[in-house]
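So this block is protein37.pdb, PDB, C-alpha atoms:
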ATOM      1  CA  MET T  51     -14.198 -42.191  57.834
ATOM      2  CA  SER T  52     -17.380 -43.761  56.443
ATOM      3  CA  CYS T  53     -20.742 -42.122  57.132
ATOM      4  CA  CYS T  54     -22.486 -45.508  56.970
ATOM      5  CA  ASP T  55     -22.760 -48.314  59.572
ATOM      6  CA  ASP T  56     -24.079 -51.834  59.069
ATOM      7  CA  ARG T  57     -27.698 -50.781  58.867
ATOM      8  CA  SER T  58     -27.916 -47.191  57.556
ATOM      9  CA  CYS T  59     -26.060 -44.168  56.109
ATOM     10  CA  ASP T  60     -26.030 -40.637  57.391
ATOM     11  CA  CYS T  61     -24.517 -38.571  54.501
ATOM     12  CA  ILE T  62     -24.961 -35.010  53.352
ATOM     13  CA  VAL T  63     -24.888 -34.099  49.613
ATOM     14  CA  THR T  64     -24.116 -30.446  48.907
ATOM     15  CA  ALA T  65     -25.034 -29.028  45.480
ATOM     16  CA  GLY T  66     -22.900 -26.428  43.742
ATOM     17  CA  PRO T  67     -24.142 -23.236  42.009
ATOM     18  CA  GLY T  68     -26.854 -23.903  39.452
ATOM     19  CA  VAL T  69     -27.217 -27.584  40.457
ATOM     20  CA  THR T  70     -30.122 -29.206  42.300
ATOM     21  CA  VAL T  71     -30.184 -32.441  44.292
ATOM     22  CA  ASP T  72     -33.530 -34.206  44.759
ATOM     23  CA  GLY T  73     -34.285 -37.337  46.766
ATOM     24  CA  ASP T  74     -33.033 -38.625  50.131
ATOM     25  CA  GLY T  75     -30.585 -41.202  48.862
ATOM     26  CA  SER T  76     -32.780 -44.152  49.705
ATOM     27  CA  THR T  77     -33.694 -47.057  47.458
ATOM     28  CA  THR T  78     -37.173 -45.726  46.962
ATOM     29  CA  ASP T  79     -36.112 -42.058  46.658
ATOM     30  CA  PRO T  80     -32.594 -41.918  45.195
ATOM     31  CA  TYR T  81     -30.616 -38.769  44.700
ATOM     32  CA  VAL T  82     -31.290 -37.006  41.356
ATOM     33  CA  ILE T  83     -28.812 -34.354  40.232
ATOM     34  CA  GLY T  84     -30.188 -31.656  37.958
ATOM     35  CA  SER T  85     -30.589 -27.950  37.429
ATOM     36  CA  PRO T  86     -33.509 -25.561  37.986
ATOM     37  CA  GLY T  87     -36.183 -26.136  35.405
ATOM     38  CA  GLY T  88     -34.292 -29.112  34.003
ATOM     39  CA  ALA T  89     -32.026 -26.955  31.745
ATOM     40  CA  ALA T  90     -28.592 -25.390  32.062
ATOM     41  CA  GLU T  91     -28.273 -21.718  32.722
ATOM     42  CA  PRO T  92     -28.066 -19.697  29.460
ATOM     43  CA  LEU T  93     -24.592 -18.854  28.266
ATOM     44  CA  ALA T  94     -23.388 -15.285  28.439
ATOM     45  CA  ILE T  95     -22.712 -14.087  24.879
ATOM     46  CA  GLY T  96     -19.861 -11.657  24.289
ATOM     47  CA  CYS T  97     -18.905  -9.385  21.457
ATOM     48  CA  GLY T  98     -18.752 -11.035  18.056
ATOM     49  CA  LEU T  99     -20.762 -14.159  18.978
ATOM     50  CA  GLN T 100     -24.305 -15.304  18.343
ATOM     51  CA  GLY T 101     -26.355 -18.417  19.151
ATOM     52  CA  GLU T 102     -27.391 -20.145  22.365
ATOM     53  CA  GLY T 103     -24.681 -22.770  22.754
ATOM     54  CA  THR T 104     -27.133 -25.607  22.076
ATOM     55  CA  ALA T 105     -27.011 -28.243  19.345
ATOM     56  CA  ALA T 106     -29.897 -26.516  17.584
ATOM     57  CA  VAL T 107     -28.501 -22.999  17.905
ATOM     58  CA  PRO T 108     -24.720 -23.286  18.396
ATOM     59  CA  LEU T 109     -22.436 -20.459  19.256
ATOM     60  CA  ALA T 110     -21.041 -18.845  16.118
ATOM     61  CA  ALA T 111     -19.030 -15.816  15.121
ATOM     62  CA  TYR T 112     -21.138 -12.965  13.822
ATOM     63  CA  PRO T 113     -19.449 -11.202  10.874
ATOM     64  CA  ILE T 114     -21.534  -8.149  10.073
ATOM     65  CA  ALA T 115     -21.073  -8.637   6.327
ATOM     66  CA  GLY T 116     -22.367 -12.222   6.448
ATOM     67  CA  GLU T 117     -20.972 -15.419   4.981
ATOM     68  CA  ARG T 118     -18.960 -15.436   1.800
ATOM     69  CA  PRO T 119     -16.255 -17.736   0.399
ATOM     70  CA  TRP T 120     -12.693 -16.513  -0.016
ATOM     71  CA  ALA T 121     -11.998 -15.147  -3.491
ATOM     72  CA  ASP T 122      -9.002 -13.759  -5.355
ATOM     73  CA  ASP T 123     -10.840 -10.514  -5.914
ATOM     74  CA  TRP T 124     -13.820  -8.722  -4.420
ATOM     75  CA  ASP T 125     -15.780  -5.603  -5.020
ATOM     76  CA  CYS T 126     -17.074  -2.763  -2.905
ATOM     77  CA  ASP T 127     -20.771  -2.946  -3.537
ATOM     78  CA  ALA T 128     -22.656  -2.331  -0.775
ATOM     79  CA  ALA T 129     -22.778  -5.424   1.292
ATOM     80  CA  ALA T 130     -21.131  -3.575   4.037
ATOM     81  CA  THR T 131     -18.045  -1.729   4.920
ATOM     82  CA  SER T 132     -16.974  -4.472   7.304
ATOM     83  CA  THR T 133     -14.128  -6.638   6.056
ATOM     84  CA  LEU T 134     -14.586  -9.497   8.549
ATOM     85  CA  ARG T 135     -16.335 -12.427   6.898
ATOM     86  CA  CYS T 136     -17.128 -16.084   7.540
ATOM     87  CA  ASP T 137     -16.329 -18.721   4.942
ATOM     88  CA  PRO T 138     -19.403 -21.002   4.908
ATOM     89  CA  SER T 139     -17.375 -23.957   3.605
ATOM     90  CA  SER T 140     -14.945 -23.954   6.528
ATOM     91  CA  GLY T 141     -16.571 -21.794   9.175
ATOM     92  CA  ALA T 142     -13.354 -19.760   9.384
ATOM     93  CA  LEU T 143     -13.274 -16.012   9.699
ATOM     94  CA  TRP T 144     -11.232 -14.084   7.139
ATOM     95  CA  THR T 145     -10.352 -10.559   6.155
ATOM     96  CA  PRO T 146      -8.820  -9.203   2.940
ATOM     97  CA  PRO T 147      -5.025  -9.040   2.730
ATOM     98  CA  GLU T 148      -3.354  -6.277   4.675
ATOM     99  CA  HIS T 149      -2.433  -3.031   3.019
ATOM    100  CA  THR T 150       0.969  -3.058   1.397
ATOM    101  CA  THR T 151       3.638  -0.506   0.629
ATOM    102  CA  ALA T 152       6.615  -0.626  -1.683
ATOM    103  CA  ALA T 153       9.530   1.763  -2.120
ATOM    104  CA  LEU T 154      12.489   1.797  -4.473
ATOM    105  CA  THR T 155      15.410   4.115  -5.208
ATOM    106  CA  LEU T 156      17.784   3.737  -8.132
ATOM    107  CA  GLN T 157      20.432   5.911  -9.772
ATOM    108  CA  GLN T 158      21.196   6.197 -13.464
ATOM    109  CA  ASN T 159      24.188   7.871 -15.082
ATOM    110  CA  HIS T 160      23.148   9.002 -18.550
ATOM    111  CA  PRO T 161      26.050   8.850 -21.029
ATOM    112  CA  MET T 162      25.231  11.529 -23.588
ATOM    113  CA  GLY T 163      28.590  12.083 -25.278
ATOM    114  CA  THR T 164      29.170  15.557 -23.732
ATOM    115  CA  PRO T 165      26.866  17.436 -26.096
ATOM    116  CA  ALA T 166      27.461  21.165 -26.735
ATOM    117  CA  MET T 167      24.056  22.827 -27.078
ATOM    118  CA  PRO T 168      23.856  26.054 -29.142
ATOM    119  CA  ALA T 169      20.903  28.427 -28.943
ATOM    120  CA  THR T 170      17.731  26.355 -29.220
ATOM    121  CA  GLY T 171      15.087  29.019 -28.604
ATOM    122  CA  THR T 172      12.730  26.433 -27.072
ATOM    123  CA  VAL T 173      13.108  23.532 -24.671
ATOM    124  CA  VAL T 174      14.546  20.487 -26.442
ATOM    125  CA  ILE T 175      15.364  16.991 -25.213
ATOM    126  CA  ILE T 176      19.134  16.626 -25.070
ATOM    127  CA  ASP T 177      19.079  12.862 -25.748
ATOM    128  CA  ASP T 178      15.868  10.834 -26.097
ATOM    129  CA  THR T 179      17.677   7.623 -25.115
ATOM    130  CA  ALA T 180      18.763   9.063 -21.742
ATOM    131  CA  TRP T 181      15.515   8.629 -19.814
ATOM    132  CA  SER T 182      14.496   7.498 -16.332
ATOM    133  CA  GLU T 183      11.112   5.986 -15.568
ATOM    134  CA  GLY T 184       8.878   5.410 -12.575
ATOM    135  CA  LEU T 185       6.544   2.526 -13.467
ATOM    136  CA  TYR T 186       3.680   0.939 -11.547
ATOM    137  CA  GLU T 187       2.258  -2.215 -13.112
ATOM    138  CA  PRO T 188      -1.433  -3.030 -12.518
ATOM    139  CA  ASP T 189      -1.170  -5.816  -9.967
ATOM    140  CA  THR T 190      -3.479  -4.822  -7.096
ATOM    141  CA  LEU T 191      -5.702  -7.534  -5.644
ATOM    142  CA  SER T 192      -8.909  -5.719  -4.878
ATOM    143  CA  LEU T 193     -11.521  -3.824  -6.823
ATOM    144  CA  CYS T 194     -12.028  -1.994  -3.550
ATOM    145  CA  ARG T 195      -8.451  -0.761  -3.206
ATOM    146  CA  GLY T 196      -6.684   1.672  -5.420
ATOM    147  CA  VAL T 197      -3.048   2.624  -5.091
ATOM    148  CA  SER T 198      -1.374   5.886  -4.186
ATOM    149  CA  PHE T 199       1.713   6.064  -6.387
ATOM    150  CA  SER T 200       4.384   8.730  -6.313
ATOM    151  CA  THR T 201       7.734   9.116  -7.983
ATOM    152  CA  GLU T 202      10.448  11.733  -7.621
ATOM    153  CA  PHE T 203      13.356  12.365  -9.971
ATOM    154  CA  THR T 204      16.435  14.150  -8.651
ATOM    155  CA  GLY T 205      18.862  15.320 -11.305
ATOM    156  CA  HIS T 206      22.561  16.067 -10.869
ATOM    157  CA  ALA T 207      24.075  17.848 -13.874
ATOM    158  CA  GLU T 208      27.590  19.074 -14.500
ATOM    159  CA  ILE T 209      27.528  21.832 -17.105
ATOM    160  CA  SER T 210      29.749  24.540 -18.553
ATOM    161  CA  TRP T 211      28.800  27.552 -20.634
ATOM    162  CA  THR T 212      30.361  30.264 -22.722
ATOM    163  CA  ALA T 213      30.465  33.948 -21.758
ATOM    164  CA  GLY T 214      27.127  35.609 -22.372
ATOM    165  CA  ALA T 215      25.167  32.344 -22.219
ATOM    166  CA  ALA T 216      21.587  32.263 -20.941
ATOM    167  CA  PHE T 217      19.794  28.951 -20.534
ATOM    168  CA  ASP T 218      17.364  26.747 -18.573
ATOM    169  CA  LEU T 219      17.927  23.123 -17.636
ATOM    170  CA  ALA T 220      14.726  21.076 -17.572
ATOM    171  CA  TYR T 221      13.160  17.689 -17.366
ATOM    172  CA  ALA T 222      10.775  16.730 -20.163
ATOM    173  CA  VAL T 223       8.074  14.608 -18.501
ATOM    174  CA  SER T 224       5.901  12.033 -20.272
ATOM    175  CA  ILE T 225       3.001  10.324 -18.475
ATOM    176  CA  ASP T 226       1.675   7.022 -19.795
ATOM    177  CA  GLY T 227       3.414   7.548 -23.128
ATOM    178  CA  ALA T 228       1.872  10.944 -23.830
ATOM    179  CA  GLY T 229       3.867  13.831 -25.272
ATOM    180  CA  ALA T 230       6.606  15.119 -22.986
ATOM    181  CA  LEU T 231       6.025  18.480 -21.295
ATOM    182  CA  SER T 232       8.961  20.471 -19.964
ATOM    183  CA  ARG T 233       9.522  21.451 -16.346
ATOM    184  CA  LEU T 234      12.271  24.044 -15.839
ATOM    185  CA  MET T 235      14.740  23.059 -13.126
ATOM    186  CA  TYR T 236      17.740  25.431 -13.136
ATOM    187  CA  SER T 237      18.466  28.692 -14.970
ATOM    188  CA  GLU T 238      21.234  31.145 -15.835
ATOM    189  CA  LEU T 239      19.408  34.246 -16.975
ATOM    190  CA  THR T 240      22.162  36.889 -17.325
ATOM    191  CA  PRO T 241      23.374  36.917 -20.950
ATOM    192  CA  SER T 242      26.157  39.375 -20.082
ATOM    193  CA  GLY T 243      27.704  37.007 -17.493
ATOM    194  CA  PRO T 244      31.108  35.314 -17.721
ATOM    195  CA  ALA T 245      31.773  31.765 -18.774
ATOM    196  CA  GLY T 246      31.295  29.174 -16.032
ATOM    197  CA  ARG T 247      31.166  25.538 -15.002
ATOM    198  CA  ARG T 248      28.977  24.134 -12.254
ATOM    199  CA  ARG T 249      27.360  21.030 -10.838
ATOM    200  CA  VAL T 250      23.699  21.622  -9.967
ATOM    201  CA  THR T 251      21.000  19.477  -8.336
ATOM    202  CA  PHE T 252      17.246  19.744  -8.885
ATOM    203  CA  SER T 253      14.166  17.527  -8.668
ATOM    204  CA  THR T 254      10.656  17.048  -9.973
ATOM    205  CA  ALA T 255       7.882  14.781  -8.706
ATOM    206  CA  GLN T 256       4.643  13.227  -9.880
ATOM    207  CA  ALA T 257       1.949  11.616  -7.705
ATOM    208  CA  THR T 258      -1.453  10.117  -8.408
ATOM    209  CA  VAL T 259      -4.174   7.906  -6.933
ATOM    210  CA  LEU T 260      -4.833   4.999  -9.284
ATOM    211  CA  PRO T 261      -8.066   3.027  -9.592
ATOM    212  CA  PRO T 262      -7.688  -0.704  -8.899
ATOM    213  CA  HIS T 263      -5.957  -2.778 -11.575
ATOM    214  CA  THR T 264      -4.500   0.312 -13.254
ATOM    215  CA  GLY T 265      -0.887   0.962 -14.231
ATOM    216  CA  TYR T 266       0.995   4.240 -14.431
ATOM    217  CA  ALA T 267       4.281   5.273 -16.021
ATOM    218  CA  VAL T 268       6.216   8.525 -15.626
ATOM    219  CA  ARG T 269       9.275   8.994 -17.848
ATOM    220  CA  VAL T 270      11.666  11.937 -17.724
ATOM    221  CA  TYR T 271      14.257  13.092 -20.250
ATOM    222  CA  PRO T 272      17.090  15.615 -19.742
ATOM    223  CA  ALA T 273      16.192  18.801 -21.574
ATOM    224  CA  ILE T 274      17.497  22.331 -22.084
ATOM    225  CA  ARG T 275      16.546  25.717 -23.498
ATOM    226  CA  VAL T 276      19.477  27.859 -24.641
ATOM    227  CA  THR T 277      18.614  31.450 -25.515
ATOM    228  CA  ALA T 278      22.194  32.756 -25.895
ATOM    229  CA  GLY T 279      25.697  31.281 -26.059
ATOM    230  CA  THR T 280      26.573  27.588 -25.862
ATOM    231  CA  VAL T 281      26.049  25.107 -22.989
ATOM    232  CA  THR T 282      27.975  21.822 -22.721
ATOM    233  CA  ILE T 283      26.559  18.907 -20.735
ATOM    234  CA  HIS T 284      29.437  16.984 -19.126
ATOM    235  CA  GLN T 285      27.358  14.645 -16.958
ATOM    236  CA  TRP T 286      23.708  14.043 -16.089
ATOM    237  CA  ILE T 287      22.683  11.647 -13.298
ATOM    238  CA  THR T 288      19.131  10.887 -12.169
ATOM    239  CA  ASP T 289      18.062   9.425  -8.826
ATOM    240  CA  THR T 290      14.591   7.888  -9.151
ATOM    241  CA  HIS T 291      12.501   7.378  -6.007
ATOM    242  CA  LEU T 292       9.282   5.321  -6.162
ATOM    243  CA  PHE T 293       6.628   4.792  -3.499
ATOM    244  CA  ALA T 294       3.346   2.852  -3.712
ATOM    245  CA  LEU T 295       0.693   2.388  -1.013
ATOM    246  CA  THR T 296      -2.584   0.475  -1.303
ATOM    247  CA  ARG T 297      -5.566   2.508  -0.174
TER     248      ARG T 297
END

As a first step, turn the structure in this file into structure tokens.
Amino acid sequence: MSCCDDRSCDCIVTAGPGVTVDGDGSTTDPYVIGSPGGAAEPLAIGCGLQGEGTAAVPLAAYPIAGERPWADDWDCDAAATSTLRCDPSSGALWTPPEHTTAALTLQQNHPMGTPAMPATGTVVIIDDTAWSEGLYEPDTLSLCRGVSFSTEFTGHAEISWTAGAAFDLAYAVSIDGAGALSRLMYSELTPSGPAGRRRVTFSTAQATVLPPHTGYAVRVYPAIRVTAGTVTIHQWITDTHLFALTR
């Protein structure tokens, strides 16, 4: 139903929150819709935003470390510990790639020709071609992130020995190509004992925290020290377990 007749109107205009209505709707005093003071109410700013929401001062994300373009690498100097950044060329927020992990297990059967080892007196490498290696190549992305790298070698050896034999099985361990140092794994220490044959299992591990862009290699060789009698190596198998985690 219209609120106007042929000669006049009798209407009511109701303003909503934050809106004003001035004038009486007549030709000489028309309605004017506005807001108090002639400006919109200020926007409420939440976490992570800055600005006023106006053309001069628009709303924007507020990365604590400031603006910086994406790069393939970045350093840790001081700018801040925050990783959230704004790319000034696109206005997009970005963070460095997520942390990554990698794990690998492999088994190697070392054919050594069933060597019979007489008394050696010291630890010797049984066969320098029968090695296993845990290798990390320097491929990290960030100068700010090193890598925790660990490798474990589990040996399974089938051996037999003569009566009166005394011996130690070992791994000879070389790190980054340095000279191999022995780690004793299994021993028969009674030189008056009978002859025997046995399959034994043992393991050794190496772990380190690497600086960014740094590689690491751990290589192990089957080794033995025979102090009496003769020991024959029938089989030597190595399980190699690798694990890497960016810091």

Specify as a ChimeraX atom specification each residue included when the PyMOL selection byres ((chain T and resi 97) around 12) is applied to this file. /T:94-96,98-101,109-114

Can you turn the PyMOL selection byres ((chain T and resi 119) around 6) into a concrete residue list for this file, as a PyMOL selection string? chain T and resi 118+120+137

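Across the chains present, the PyMOL selection byres ((chain T and resi 286) around 7) applied to this file returns Asn159, His160, Gly205, His206, Ala207, Glu208, Gln285, Ile287 and Thr288 of chain T.
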
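Between atom CA of T:Arg269 and atom CA of T:Gly229 there is a distance of 10.4 Å.
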
May I ask which of the residues T:Ala267, T:Ala278, T:Ala180, T:Ile83 is the closest one to T:Val69, counting all atoms listed in the file? T:Ile83
